[in-house]
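Some notes on the structure that comes next.
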Amino acid sequence: MAHFSSRFYKPAKYFAKYFSIALISFAALFLLWFISPVSSQESIEEKVFNEVWQTVNENFYDENFNGIDWAAMRDKYKPQAAAVQTRQQLAGIVNQMLAELKTSHTHFYLPNETAYYQLLGIFQPDIQDLPSAAKALFPNDKYEYTGIGIFTKNINEKLFVSGILEGSPAASTSLRVGDQLLNVDGKPYQAIDSFAGKAGQSVTLLVQRSPDPNSQQEISVTPQKFDATTLFKDAQQASTQIIEQQGKRIGYLHIWSNAADSHQQQMIQELMFGKLAEADGLVLDIRDGWGGGSIDYLNFFTGESPSVTSIRRDGNAFVANYRWKKPVVLLMNEGSRSSKEIIAYGFQQSKIGASVGTTTAGAVVAGRGFVMQDGSLVYVAVADVLVDGNQRLEGKGVTPEIAVTFPLQYAAGADPQKQQAIDTLISAIANLP
């Protein structure tokens with residue numbers, strides 16, 4: 001028979017008494033948990049709200065918060081954040097709070113948005129240690145997401161394709177800028193969720209080409225994994241082309257992101273040694289996408305570097321021009337932001353060439369990305385920016401010399417801004433001495 005120490009042995013009555021007490025206590029705790037107004041999910045989201053508020057509090061460029069009582073904003077929006085049921089609802093509340101600052105480069109992003117991954121790709125050199133929740137999204141240690149390479153814009157509760165990255169899966173289909181995007185595989189379009197886990201698999205887009213519902217058609221496209229650190233450089237390379245019009249060779253290049261020196265080096269290499277070297281002129285497209293980075297490449301259009309001729313033993317000569325001296329037209333729009341706007345400003349000040357399109361975003365402060373503990377990302381304006389010492393473009397933007405609007409809805413791929421830029425460049429080439 002097993003032996004029990006008297007230190008552990010108690011009569012049955014003892015256990016019955018204390019088991020009843022424990023049961024009552026457990027029931028009371030369960031009741032308190034059940035009637036509590038704050039669920040575990042809500043408390044997590046409330047913590048994220050607090051983390052976002054504190055991040056802005058510590059890093060926003062203006063200690064006076066652009067004239068806003070930032071502590072009062074926390075008190076105003078925190079009860080709303082505590083009551084939300086989903087991360088999407090939290091994002092809506094947080095972005096309402098951030099909008100009170102009336103400053104660009106200040107926004108809250110979730111992993112269900114392409115901008116989340118694109119910003120991580122842009123800020124990759126500065127973001128080294130991701131929280132575990134964010135690391136779980138990138139098992140290959142790459143900032144990757146699956147998509148087809150489009151940008152969209154909501155107009156009057158209708159979703160339209162507003163941009164297509166050159167070289168992307170979408171660019172190889174009949175999808176056009178201006179198409180109304182109705183659904184993906186029969187479900188509402190979601191920038192990330194519509195394509196998650198479907199890399200290499202065909203999906204079907206239902207689009208509408210005109211206001212007439214009879215213009216609806218299905219388009220098959222195969223999503224791919226995008227590396228957010230090289231996405232825009234690849235698209236820039238794919239955009240580079242020579243357009244033959246009116247007997248002229250028009251060079252064209254679309255800078256989707258101004259954030260990395262490698263993008264700018266790629267452009268200069270194309271202009272000096274690549275397919276654009278033999279162009280009669282250049283249309284430099286800085287519409288949409290992201291800003292960031294250096295504006296040094298303006299010197300390539302304004303500097304006085306001499307040409308260098310290399311002559312080999314066989315007599316063959318190669319001429320390298322370290323400055324572009326041919327006509328250039330700059331193409332901009334309301335999606336041109338941040339350092340792209342400084343490029344537009346410098347382009348006009350230096351009288352490099354004509355500018356075409358619409359007024360830029362007026363989003364010229366310096367931003368930085370901060371990853372929250374749940375993996376979400378808050379973009380914060382961390383420095384004000386002045387051009388030429390006293391010119392503030394934030395809230396103003398740069399207005400082109402030749403104004404051309406772009407009616408997006410049902411545009412059927414037509415690009416009146418680009419065509420005007422080409423026509424303007426052809427005229428400039430024709431007027432050369």
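All residue names refer to the structure tokens as shown: chains lettered A, B, ... in order, residues numbered from 1 in each chain, ligands numbered from 1 in order.
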Env of stretch 404-417 of chain A: 8 Å cut, atoms = only C-alpha atoms, seq-sep filter 6 positions within chain, self excluded. Answer as a ChimeraX atom specification.
/A:160,162,176-180,208-211,331,356-358
List as an NGL selection string the protein and nucleic acid residues near A:Val385, meaning an atom at most 9 Å away when only C-alpha atoms are counted, but skip any in the same chain fewer than 6 places from it.
:A and (364-366 or 391-394)
Min atom-atom distance to A:Gly303 from the set A:Gln264, A:Thr360, A:Thr146, A:Ser350, counting only C-alpha atoms, belongs to A:Ser350
Check the smallest atom-to-atom distance from each of A:Asn299, A:Thr55, A:Gln419, A:Gln80 to A:Ile250 using only C-alpha atoms, then report the winner.
A:Gln419
From the list A:Glu58, A:Glu334, A:Asp384, A:Asp374, the nearest residue to A:Pro131 using only C-alpha atoms is A:Asp374
Neighbouring residues of stretch 228-236 of chain A were defined as those with any atom within 6 Å, considering only C-alpha atoms; residues of the same chain fewer than 6 positions away were excluded. Please report them as an NGL selection string.
:A and (118 or 121 or 143-144 or 165-167 or 254-257 or 263)
Shell around A:Ser376 at 7 Å using only C-alpha atoms, local window under 3 positions removed, as a ChimeraX atom specification:
/A:109-111,371-372
Deliver the residues from the most recent selection as a file, using N, CA, C and O atoms, as a JSON list (two decimals), in the first residue's frame.
[["chain", "number", "residue", "atom", "x", "y", "z"],
["A", 109, "TYR", "N", -0.55, 52.25, -41.46],
["A", 109, "TYR", "CA", -0.75, 51.22, -42.49],
["A", 109, "TYR", "C", -0.81, 49.83, -41.86],
["A", 109, "TYR", "O", -0.09, 49.53, -40.90],
["A", 110, "LEU", "N", -1.64, 48.98, -42.46],
["A", 110, "LEU", "CA", -1.75, 47.58, -42.06],
["A", 110, "LEU", "C", -1.21, 46.67, -43.17],
["A", 110, "LEU", "O", -1.11, 47.10, -44.33],
["A", 111, "PRO", "N", -0.90, 45.42, -42.86],
["A", 111, "PRO", "CA", -0.36, 44.49, -43.86],
["A", 111, "PRO", "C", -1.36, 44.07, -44.95],
["A", 111, "PRO", "O", -1.01, 43.24, -45.79],
["A", 371, "VAL", "N", 7.70, 50.51, -37.10],
["A", 371, "VAL", "CA", 6.90, 49.28, -37.02],
["A", 371, "VAL", "C", 6.43, 49.08, -35.59],
["A", 371, "VAL", "O", 7.23, 49.08, -34.65],
["A", 372, "MET", "N", 5.11, 48.90, -35.43],
["A", 372, "MET", "CA", 4.52, 48.70, -34.11],
["A", 372, "MET", "C", 4.63, 47.22, -33.70],
["A", 372, "MET", "O", 4.96, 46.36, -34.49]]
Can you tell me how far atom CA of A:Pro139 sits from atom CA of A:Val203, in Å to one decimal?
24.3 Å
Which one of A:Asp185, A:Glu100, A:Asp126, A:Asp288 sits closest to A:Lys198 if you count only C-alpha atoms?
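Ranked by minimum distance to A:Lys198, first place goes to A:Asp185.
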When DSSP is applied to the backbone of this structure, which of stretch 75-212 of chain A are assigned strand (DSSP E)? Write them out as JSON, numbers by chain.
{"A": [107, 108, 109, 144, 145, 146, 147, 150, 151, 152, 153, 154, 155, 158, 159, 160, 161, 162, 163, 164, 180, 181, 182, 183, 184, 203, 204, 205, 206, 207, 208]}
By how many Å are atom CA of A:Asn95 and atom CA of A:Asn59 apart?
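Between these atoms lies a distance of 16.6 Å.
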